[in-house]
Amino acid sequence: MFKGFDSKRRGILSTFLGFGILLPQTSASIAFETSQSTTINDPAPGFDELWHTVMVDISVMGVIFAAITIYFMFKYRRKHPDQVGDAPKMSAAQAVGWALIPAFIFMADDFYLAAKGWQLWNKFREVPADRMEVKLESGMYSWDYTYPNGVRTQNKLRVPAGKPIMLRMTSRDTIHSHYLAKYRVKEDSMPGRVTYLWFYPKEEDIGDRDNLVTCTEYCGVMHSYMVGRVEVMPAVEFMRWYKQEESKLSQNNNNAEDNSTATATNIILEQEV
(Lines give C-alpha, C1' and ligand atoms only; values in the text may rest on other atoms or scores of the structure.)
Protein backbone atom coordinates (compact mmCIF):
# COMPACT_ATOMS: atom_id res chain seq x y z
CA MET A 1 0.00 0.00 0.00
CA PHE A 2 2.77 2.42 0.93
CA LYS A 3 4.63 1.52 -2.24
CA GLY A 4 1.68 2.52 -4.38
CA PHE A 5 1.21 5.72 -2.40
CA ASP A 6 4.88 6.68 -2.87
CA SER A 7 4.74 6.04 -6.61
CA LYS A 8 1.59 8.15 -6.93
CA ARG A 9 3.16 10.92 -4.91
CA ARG A 10 6.31 10.80 -7.07
CA GLY A 11 4.16 10.96 -10.18
CA ILE A 12 2.28 14.02 -8.93
CA LEU A 13 5.52 15.70 -7.91
CA SER A 14 7.15 15.06 -11.27
CA THR A 15 4.07 16.46 -13.03
CA PHE A 16 4.26 19.68 -11.03
CA LEU A 17 8.01 19.93 -11.62
CA GLY A 18 7.56 19.41 -15.33
CA PHE A 19 4.83 22.05 -15.43
CA GLY A 20 7.08 24.45 -13.53
CA ILE A 21 9.88 23.92 -16.04
CA LEU A 22 7.66 24.29 -19.09
CA LEU A 23 5.69 27.30 -17.88
CA PRO A 24 8.50 29.88 -18.15
CA GLN A 25 9.48 28.52 -21.57
CA THR A 26 5.97 28.67 -22.97
CA SER A 27 5.12 31.99 -21.37
CA ALA A 28 8.31 33.48 -22.81
CA SER A 29 7.13 32.66 -26.31
CA ILE A 30 3.56 33.95 -25.89
CA ALA A 31 3.01 36.93 -28.17
CA PHE A 32 0.61 39.76 -27.56
CA GLU A 33 -2.79 39.80 -29.19
CA THR A 34 -3.52 42.67 -31.56
CA SER A 35 -7.06 43.97 -31.59
CA GLN A 36 -8.52 44.33 -35.07
CA SER A 37 -11.17 46.78 -33.90
CA THR A 38 -10.75 50.48 -34.62
CA THR A 39 -12.19 51.23 -31.17
CA ILE A 40 -9.55 51.80 -28.50
CA ASN A 41 -10.55 49.96 -25.33
CA ASP A 42 -8.65 51.99 -22.76
CA PRO A 43 -8.38 49.78 -19.64
CA ALA A 44 -7.73 52.68 -17.22
CA PRO A 45 -11.44 53.47 -16.51
CA GLY A 46 -12.06 49.75 -15.95
CA PHE A 47 -9.28 49.56 -13.37
CA ASP A 48 -10.73 52.59 -11.59
CA GLU A 49 -14.19 51.04 -11.58
CA LEU A 50 -12.88 47.72 -10.27
CA TRP A 51 -10.93 49.45 -7.50
CA HIS A 52 -14.04 51.46 -6.54
CA THR A 53 -16.09 48.25 -6.40
CA VAL A 54 -13.51 46.56 -4.16
CA MET A 55 -13.45 49.54 -1.79
CA VAL A 56 -17.27 49.61 -1.62
CA ASP A 57 -17.45 45.87 -0.93
CA ILE A 58 -14.81 46.04 1.81
CA SER A 59 -16.51 49.05 3.41
CA VAL A 60 -19.99 47.50 3.36
CA MET A 61 -18.77 44.20 4.80
CA GLY A 62 -16.72 46.00 7.42
CA VAL A 63 -19.69 48.09 8.54
CA ILE A 64 -21.99 45.04 8.69
CA PHE A 65 -19.53 42.99 10.73
CA ALA A 66 -18.78 45.92 13.02
CA ALA A 67 -22.51 46.46 13.61
CA ILE A 68 -23.07 42.75 14.37
CA THR A 69 -20.09 42.69 16.73
CA ILE A 70 -21.30 45.77 18.66
CA TYR A 71 -24.82 44.30 18.86
CA PHE A 72 -23.51 41.02 20.30
CA MET A 73 -21.27 42.89 22.74
CA PHE A 74 -24.22 44.74 24.24
CA LYS A 75 -26.84 41.98 23.99
CA TYR A 76 -24.72 39.25 25.56
CA ARG A 77 -22.62 41.32 27.92
CA ARG A 78 -22.27 40.20 31.53
CA LYS A 79 -24.82 41.92 33.77
CA HIS A 80 -23.02 41.34 37.08
CA PRO A 81 -19.56 40.01 38.08
CA ASP A 82 -20.79 36.54 39.09
CA GLN A 83 -22.82 35.87 35.99
CA VAL A 84 -21.80 32.80 33.96
CA GLY A 85 -22.61 32.59 30.31
CA ASP A 86 -25.12 30.00 29.16
CA ALA A 87 -25.26 30.03 25.38
CA PRO A 88 -28.28 28.33 23.82
CA LYS A 89 -27.42 25.20 21.91
CA MET A 90 -27.82 25.60 18.15
CA SER A 91 -29.46 23.01 15.99
CA ALA A 92 -27.56 21.38 13.16
CA ALA A 93 -29.34 23.56 10.60
CA GLN A 94 -28.44 26.73 12.53
CA ALA A 95 -24.79 25.72 12.83
CA VAL A 96 -24.56 24.88 9.14
CA GLY A 97 -26.33 28.13 8.25
CA TRP A 98 -23.98 30.28 10.35
CA ALA A 99 -21.00 28.59 8.69
CA LEU A 100 -22.12 28.35 5.08
CA ILE A 101 -24.14 31.52 4.48
CA PRO A 102 -21.32 33.98 5.31
CA ALA A 103 -18.84 31.79 3.43
CA PHE A 104 -21.14 31.72 0.39
CA ILE A 105 -21.53 35.52 0.47
CA PHE A 106 -17.78 36.06 0.71
CA MET A 107 -16.98 33.55 -2.03
CA ALA A 108 -19.66 34.90 -4.36
CA ASP A 109 -18.26 38.40 -4.00
CA ASP A 110 -14.67 37.18 -4.42
CA PHE A 111 -15.54 35.19 -7.55
CA TYR A 112 -17.39 38.17 -9.00
CA LEU A 113 -14.41 40.49 -8.44
CA ALA A 114 -11.98 37.86 -9.75
CA ALA A 115 -14.05 37.43 -12.92
CA LYS A 116 -14.18 41.21 -13.43
CA GLY A 117 -10.42 41.42 -12.93
CA TRP A 118 -9.74 38.58 -15.37
CA GLN A 119 -12.04 40.15 -17.96
CA LEU A 120 -10.26 43.49 -17.56
CA TRP A 121 -6.84 41.82 -17.81
CA ASN A 122 -7.76 40.14 -21.09
CA LYS A 123 -9.02 43.48 -22.37
CA PHE A 124 -5.72 45.11 -21.42
CA ARG A 125 -3.67 42.48 -23.26
CA GLU A 126 -5.40 43.31 -26.56
CA VAL A 127 -3.11 45.95 -28.03
CA PRO A 128 -4.73 48.37 -30.53
CA ALA A 129 -3.58 47.82 -34.09
CA ASP A 130 -3.07 51.54 -34.67
CA ARG A 131 -0.30 52.27 -32.15
CA MET A 132 3.21 53.61 -31.74
CA GLU A 133 5.83 51.14 -30.51
CA VAL A 134 8.77 52.19 -28.35
CA LYS A 135 11.52 49.89 -27.10
CA LEU A 136 12.48 50.12 -23.45
CA GLU A 137 15.66 48.83 -21.83
CA SER A 138 15.60 49.21 -18.07
CA GLY A 139 18.70 49.15 -15.92
CA MET A 140 20.10 50.34 -12.63
CA TYR A 141 18.88 53.05 -12.41
CA SER A 142 17.29 54.44 -15.56
CA TRP A 143 14.65 53.92 -18.22
CA ASP A 144 16.16 54.00 -21.74
CA TYR A 145 13.63 54.46 -24.57
CA THR A 146 14.34 53.88 -28.27
CA TYR A 147 11.86 55.16 -30.87
CA PRO A 148 11.24 53.53 -34.27
CA ASN A 149 13.51 56.05 -36.01
CA GLY A 150 16.41 55.27 -33.65
CA VAL A 151 16.06 58.35 -31.42
CA ARG A 152 16.87 57.59 -27.79
CA THR A 153 15.80 59.27 -24.58
CA GLN A 154 16.50 58.50 -20.95
CA ASN A 155 13.95 58.80 -18.13
CA LYS A 156 11.65 60.90 -20.31
CA LEU A 157 9.08 59.26 -22.54
CA ARG A 158 7.69 61.78 -25.04
CA VAL A 159 4.50 60.59 -26.76
CA PRO A 160 1.80 62.16 -28.98
CA ALA A 161 -1.63 62.80 -27.52
CA GLY A 162 -4.44 60.63 -28.86
CA LYS A 163 -2.20 57.72 -29.90
CA PRO A 164 -1.95 54.36 -28.08
CA ILE A 165 1.63 53.66 -27.03
CA MET A 166 3.09 50.17 -26.71
CA LEU A 167 6.35 49.52 -24.89
CA ARG A 168 8.41 46.43 -25.73
CA MET A 169 10.51 45.97 -22.63
CA THR A 170 13.60 44.13 -21.52
CA SER A 171 16.28 44.61 -18.85
CA ARG A 172 20.07 44.61 -18.97
CA ASP A 173 20.67 43.59 -15.37
CA THR A 174 17.83 42.57 -13.03
CA ILE A 175 14.04 42.64 -12.75
CA HIS A 176 12.40 46.07 -12.84
CA SER A 177 8.73 46.99 -12.97
CA HIS A 178 7.60 49.84 -15.22
CA TYR A 179 4.65 51.50 -13.50
CA LEU A 180 2.55 54.29 -15.00
CA ALA A 181 0.24 55.31 -12.18
CA LYS A 182 -1.73 57.80 -14.26
CA TYR A 183 -2.63 55.13 -16.82
CA ARG A 184 -3.13 52.31 -14.28
CA VAL A 185 -0.67 49.94 -15.99
CA LYS A 186 2.40 48.09 -14.77
CA GLU A 187 4.58 45.31 -16.16
CA ASP A 188 7.91 43.74 -15.25
CA SER A 189 10.95 44.04 -17.50
CA MET A 190 13.35 41.10 -17.22
CA PRO A 191 16.73 40.15 -18.68
CA GLY A 192 16.48 37.60 -21.47
CA ARG A 193 12.78 38.21 -22.13
CA VAL A 194 10.64 40.74 -23.96
CA THR A 195 7.48 41.85 -22.19
CA TYR A 196 5.07 44.60 -23.11
CA LEU A 197 2.48 47.04 -21.88
CA TRP A 198 0.39 49.69 -23.57
CA PHE A 199 -1.40 52.82 -22.49
CA TYR A 200 -3.57 55.49 -24.05
CA PRO A 201 -2.53 59.12 -23.46
CA LYS A 202 -5.71 60.89 -24.54
CA GLU A 203 -4.85 64.48 -23.69
CA GLU A 204 -1.65 66.50 -23.69
CA ASP A 205 -0.10 67.25 -20.32
CA ILE A 206 3.29 68.84 -20.89
CA GLY A 207 4.88 69.73 -17.58
CA ASP A 208 2.62 67.48 -15.49
CA ARG A 209 4.87 66.55 -12.55
CA ASP A 210 2.51 63.75 -11.49
CA ASN A 211 2.79 61.83 -14.77
CA LEU A 212 5.62 59.68 -13.42
CA VAL A 213 7.33 56.43 -14.30
CA THR A 214 8.39 54.52 -11.21
CA CYS A 215 9.97 51.14 -10.55
CA THR A 216 7.81 48.99 -8.30
CA GLU A 217 10.19 46.03 -8.09
CA TYR A 218 13.05 46.39 -5.60
CA CYS A 219 16.16 46.42 -7.80
CA GLY A 220 18.99 47.69 -5.57
CA VAL A 221 20.12 50.27 -3.07
CA MET A 222 19.13 53.18 -5.36
CA HIS A 223 15.75 51.69 -6.28
CA SER A 224 13.84 54.80 -5.15
CA TYR A 225 15.87 57.00 -7.53
CA MET A 226 14.65 55.10 -10.60
CA VAL A 227 12.08 57.69 -11.63
CA GLY A 228 11.10 58.90 -15.08
CA ARG A 229 8.42 61.08 -16.59
CA VAL A 230 5.86 60.86 -19.39
CA GLU A 231 5.39 63.98 -21.49
CA VAL A 232 2.28 63.91 -23.66
CA MET A 233 2.70 66.41 -26.50
CA PRO A 234 0.25 67.63 -29.13
CA ALA A 235 0.59 65.45 -32.22
CA VAL A 236 2.00 68.28 -34.37
CA GLU A 237 4.61 69.28 -31.78
CA PHE A 238 5.58 65.68 -31.23
CA MET A 239 6.17 65.09 -34.94
CA ARG A 240 8.27 68.27 -35.11
CA TRP A 241 10.39 67.08 -32.19
CA TYR A 242 10.53 63.56 -33.64
CA LYS A 243 11.85 64.78 -37.02
CA GLN A 244 14.33 67.19 -35.42
CA GLU A 245 15.81 64.44 -33.25
CA GLU A 246 15.94 62.13 -36.26
CA SER A 247 17.87 64.78 -38.22
CA LYS A 248 20.31 65.27 -35.32
CA LEU A 249 20.82 61.53 -35.08
CA SER A 250 21.45 61.22 -38.82
CA GLN A 251 23.91 64.11 -38.75
CA ASN A 252 25.80 62.63 -35.81
CA ASN A 253 25.98 59.28 -37.58
CA ASN A 254 27.32 60.95 -40.73
CA ASN A 255 29.93 62.85 -38.72
CA ALA A 256 30.97 59.64 -37.01
CA GLU A 257 31.32 57.90 -40.39
CA ASP A 258 33.38 60.83 -41.76
CA ASN A 259 35.64 60.73 -38.73
CA SER A 260 36.17 57.01 -39.02
CA THR A 261 36.90 57.34 -42.77
CA ALA A 262 39.39 60.14 -42.13
CA THR A 263 41.09 58.12 -39.43
CA ALA A 264 41.36 55.09 -41.71
CA THR A 265 42.79 57.27 -44.50
CA ASN A 266 45.40 58.76 -42.17
CA ILE A 267 46.44 55.31 -41.03
CA ILE A 268 46.89 54.17 -44.63
CA LEU A 269 48.94 57.29 -45.51
CA GLU A 270 51.18 56.82 -42.48
CA GLN A 271 51.78 53.21 -43.45
CA GLU A 272 52.71 54.24 -47.01
CA VAL A 273 55.13 56.87 -45.74
# chains A, B, ... in the order shown; residues from 1 in each chain; ligands from 1
$ select_by_dssp --residues "stretch 53-105 of chain A" --states "alpha helix (DSSP H)" --output "MDAnalysis selection string"
chainID A and resid 53:75 92:105
$ residues_around --residues "stretch 203-205 of chain A" --least-positions-apart "6" --cutoff "7 Å" --atoms "only C-alpha atoms" --output "list in words"
Ala161, Gly162, Glu231, Val232, Met233 and Pro234 of chain A
$ atom_distance --atom1 "atom CA of A:Lys182" --atom2 "atom CA of A:Met222"
23.1 Å
$ closest_residue --among "A:Asn252, A:Asn122, A:Thr195, A:Ser91" --to "A:Asn41" --atoms "only C-alpha atoms"
A:Asn122
$ atom_distance --atom1 "atom CA of A:Asn155" --atom2 "atom CA of A:Met226"
8.4 Å
$ residues_around --residues "A:Gln154" --least-positions-apart "5" --cutoff "9 Å" --atoms "only C-alpha atoms" --output "PyMOL selection string"
chain A and resi 142-146+228
$ atom_distance --atom1 "atom CA of A:Ile40" --atom2 "atom CA of A:Tyr196"
17.2 Å
$ closest_atom_pairs --of "stretch 114-163 of chain A" --to "stretch 50-63 of chain A" --cutoff "12 Å" --atoms "only C-alpha atoms" --output "Markdown table"
| residue | atom | partner | partner_atom | distance |
| --- | --- | --- | --- | --- |
| A:Ala114 | CA | A:Leu50 | CA | 9.9 |
| A:Ala115 | CA | A:Leu50 | CA | 10.7 |
| A:Lys116 | CA | A:Leu50 | CA | 7.4 |
| A:Gly117 | CA | A:Leu50 | CA | 7.3 |
| A:Trp118 | CA | A:Leu50 | CA | 10.9 |
| A:Gln119 | CA | A:Leu50 | CA | 10.8 |
| A:Leu120 | CA | A:Leu50 | CA | 8.8 |
| A:Trp121 | CA | A:Leu50 | CA | 11.3 |
$ closest_residue --among "A:Tyr112, A:Trp98, A:Phe106, A:Trp198" --to "A:Arg168" --atoms "only C-alpha atoms"
A:Trp198
$ residues_around --residues "A:Met169" --least-positions-apart "3" --cutoff "12 Å" --atoms "only C-alpha atoms" --output "ChimeraX atom specification"
/A:133-139,143-146,166,172,175-178,186-198
$ closest_residue --among "A:Asp82, A:Thr39, A:Ile68, A:Gly150" --to "A:Lys248" --atoms "only C-alpha atoms"
A:Gly150
$ select_by_dssp --residues "stretch 35-222 of chain A" --states "strand (DSSP E)" --output "PyMOL selection string"
chain A and resi 35+126-128+132-139+142-146+152-154+156-160+165-171+176-180+185-189+195-199+212-215
$ closest_residue --among "A:Thr170, A:Tyr179, A:Tyr71, A:Asp42" --to "A:Pro201" --atoms "only C-alpha atoms"
A:Asp42
$ closest_residue --among "A:Ala95, A:Ile206, A:Val221, A:Val230" --to "A:Met140" --atoms "only C-alpha atoms"
A:Val221
